Amino acid sequence: MSWYAVIGAVEQGFLYGIMVVGVFLTFRVLDFPDLTVDGSLPLGAAVSAVAITHGVHPFAALGLAMVAGFLAGMVTALLNTKLKILHLLASILTMIALYSINIRIMDGPNVSLLGANTVLDLLVQWGLTGYWAAPLLYGILAAIVTGAVIWFLHTEIGLAVLATGDNPRMITAQGVNTHHIILLGVGLSNAMVALSGALVAQNQGAADVNMGVGTIIAGLASVIVGETVFGHGGITRGCIAALLGSIVYRVAIALALGIKWGAFAFTPSDLNLITALLVIGALMTPMIKKKWSRP
Amino acid sequence: MIRIAGYSQYFNRGGVNEVLALENVDLRLEKGDFVTVIGSNGAGKSTLLNGLAGMYPPDAGTMSIGEWDVTAWAEHRRAAHIGRVFQDPLVGTCASLNIEQNLALALKRGRPRRLGIGVKRRQRDHFREQLRTIGLGLEDRLKSSVGLLSGGQRQALTMVMATMVDPEVLLLDEHTAALDPKTALQILELTDQIVRAKQLTTLMVTHNMAQALTYGNRLIMLHQGRIILDVAGEEKTSLTVDELLERFYSVKGEAFALDRSLLC
């Protein structure tokens, strides 16, 4: 695998890392398995791409994408809390609804950003080469978002979010409306996923309605890989492990795609299989470790 | 002051399993009343406490806590005025958070939560002081995960959390039933100590008649969703377990043996 490919994988790791931290927030912190992300990632991409083609500043377009993602998350949360629909089902409903909505937003299945200004172009204009600018910019953004989530989870509201995921009866008895917390948490998570989607679209020069397929699986794989490699313990460590897990995941995928045995090579369509094997491997590790550590 | 008037509570109303858990219950607690609640299984003890806490909307009747009519209030809103300790020691605390984070959550009960840091440095002395009163050495373990504590330690911590912001009423739902006898007694003593020190209005459900007579200044007995006995002060102090049982059966007029085994 070339150095260039490694840099590319790290760049992808940061880009999708923002999504992974969002998935960590729902899946691990709130104990709310949320499949909305398969729809909110292309939603963020669509909103930011359409905004840019309409002359909105690329950074402002990221903000719009986050607002859209937050609203999408709120829809799922409202379906779950107010209409008592099971969280998985509620999120699937929002996800498939978003498919139609995304096509409406883009007025078609995709929007090209060729020739349009993106956040990356701004950096290049300041004199950085594209080769270094991308991983640097996305790394900084991912670090800022992860840092913000860590800070948030240490605030008074953040503690209530942690408690809502762990013990809803306890936190209700402490005077917290868990519905509000779920609304906020799932909203924030999807805002991050949409931000990630917006950046991916700006990076690859197009938004596509199908770019969200498999987001949740990639997100979960990254979270689990991160936990396996960097360990549990504390919410700060968990958030950072999720981000780093995203990078490990993307590098592992790039490595797998680079493998050649004679005439055999993996193709991008094998990614789902590789991801599944990766997650199974990560889930097996604690069991194997236990067996080895036995005297 | 707590007032419950004409309170009825059904479960599965209209279904084949319809149960009338509480029927037209009237109860008035004066400030500082420490009331023990007894009754056989299914008498409605837990329903009374959970209903007052707002876990389900009442089918009839009104409730007020202090100056507020809370009949239509949701559980989390009533929680501003209620401290609760549950039977299951795992329910009252958050296992994945540490001791000081749990205490910080309890310190904000009934107050707005904002974006300030959750555990503030100046709160820690207050936490240590509170934990010192329960004498378990937890004051030196603020950073320990609550999941590592024993059932008794968690229940003691829940006691502290429930009373850290003085509640208008403290609801204890068989909070020592899941503990071993020695720990149960410690928690009971701790309960008595805190309730007396803070003069808290308290409802304590127990299966143990001797405990019900030892603690508190008033005793009520529930049977089939009604309050069938309500004694206070001198009358309660002079009561014995046997007299209590006698009273129970004179009101009830049912077979003795079965219920004795359930109540003792």
# chains A, B, ... in the order shown; residues from 1 in each chain; ligands from 1
>>> interface_residues(of="chain A", to="chain B", cutoff="6 Å", atoms="only C-alpha atoms", output="PyMOL selection string")
chain A and resi 154-157+167+170+172-177
>>> residues_around(residues="range 193-199 of chain A", least_positions_apart="6", cutoff="8 Å", atoms="only C-alpha atoms", output="VMD selection string")
chain A and resid 15 to 20 22 to 23 37 40 to 49 61 to 63 65 to 66 68 to 69
>>> select_by_dssp(residues="range 49-248 of chain B", states="alpha helix (DSSP H)", output="PyMOL selection string")
chain B and resi 49-53+75-78+99-107+121-132+151-164+181-198+209-214+233-237+241-248
>>> residues_around(residues="Arg226 in chain B", least_positions_apart="5", cutoff="9 Å", atoms="only C-alpha atoms", output="ChimeraX atom specification")
/B:21-26,43-44,221
>>> write_last_selection(atoms="N, CA and C atoms", output="PDB file, in the first residue's frame")
ATOM      1  N   ALA B  21     -56.177  -1.327  41.706  1.00  0.00           N
ATOM      2  CA  ALA B  21     -55.065  -1.398  42.658  1.00  0.00           C
ATOM      3  C   ALA B  21     -55.304  -0.513  43.872  1.00  0.00           C
ATOM      4  N   LEU B  22     -55.905   0.642  43.653  1.00  0.00           N
ATOM      5  CA  LEU B  22     -56.239   1.532  44.765  1.00  0.00           C
ATOM      6  C   LEU B  22     -57.650   2.051  44.561  1.00  0.00           C
ATOM      7  N   GLU B  23     -58.422   2.085  45.649  1.00  0.00           N
ATOM      8  CA  GLU B  23     -59.819   2.476  45.515  1.00  0.00           C
ATOM      9  C   GLU B  23     -60.126   3.622  46.460  1.00  0.00           C
ATOM     10  N   ASN B  24     -60.355   4.767  45.895  1.00  0.00           N
ATOM     11  CA  ASN B  24     -60.834   5.915  46.656  1.00  0.00           C
ATOM     12  C   ASN B  24     -60.010   6.163  47.926  1.00  0.00           C
ATOM     13  N   VAL B  25     -58.713   6.290  47.766  1.00  0.00           N
ATOM     14  CA  VAL B  25     -57.821   6.455  48.912  1.00  0.00           C
ATOM     15  C   VAL B  25     -57.724   7.929  49.314  1.00  0.00           C
ATOM     16  N   ASP B  26     -57.918   8.187  50.589  1.00  0.00           N
ATOM     17  CA  ASP B  26     -57.694   9.531  51.137  1.00  0.00           C
ATOM     18  C   ASP B  26     -56.547   9.446  52.124  1.00  0.00           C
ATOM     19  N   ALA B  43     -51.611  -5.349  47.975  1.00  0.00           N
ATOM     20  CA  ALA B  43     -52.522  -4.468  48.705  1.00  0.00           C
ATOM     21  C   ALA B  43     -52.572  -3.069  48.106  1.00  0.00           C
ATOM     22  N   GLY B  44     -51.521  -2.708  47.357  1.00  0.00           N
ATOM     23  CA  GLY B  44     -51.490  -1.389  46.744  1.00  0.00           C
ATOM     24  C   GLY B  44     -50.444  -0.453  47.328  1.00  0.00           C
ATOM     25  N   MET B 221     -52.120   0.749  57.220  1.00  0.00           N
ATOM     26  CA  MET B 221     -52.159  -0.587  56.647  1.00  0.00           C
ATOM     27  C   MET B 221     -53.110  -0.573  55.459  1.00  0.00           C
TER      28      MET B 221
END
>>> atom_distance(atom1="CA of Gly187 in chain A", atom2="CA of Ala77 in chain A")
7.7 Å
>>> residues_around(residues="range 209-221 of chain A", least_positions_apart="2", cutoff="8 Å", atoms="only C-alpha atoms", output="count of residues only")
28
>>> closest_residue(among="B:Asp33, B:Asp59, B:Glu18, B:Asp180", to="Arg196 in chain B", atoms="only C-alpha atoms")
B:Asp33
>>> select_by_dssp(residues="range 10-258 of chain A", states="strand (DSSP E)", output="list in words")
Asn110, Val111, Ser112, Ala206, Ala207 and Asp208 of chain A
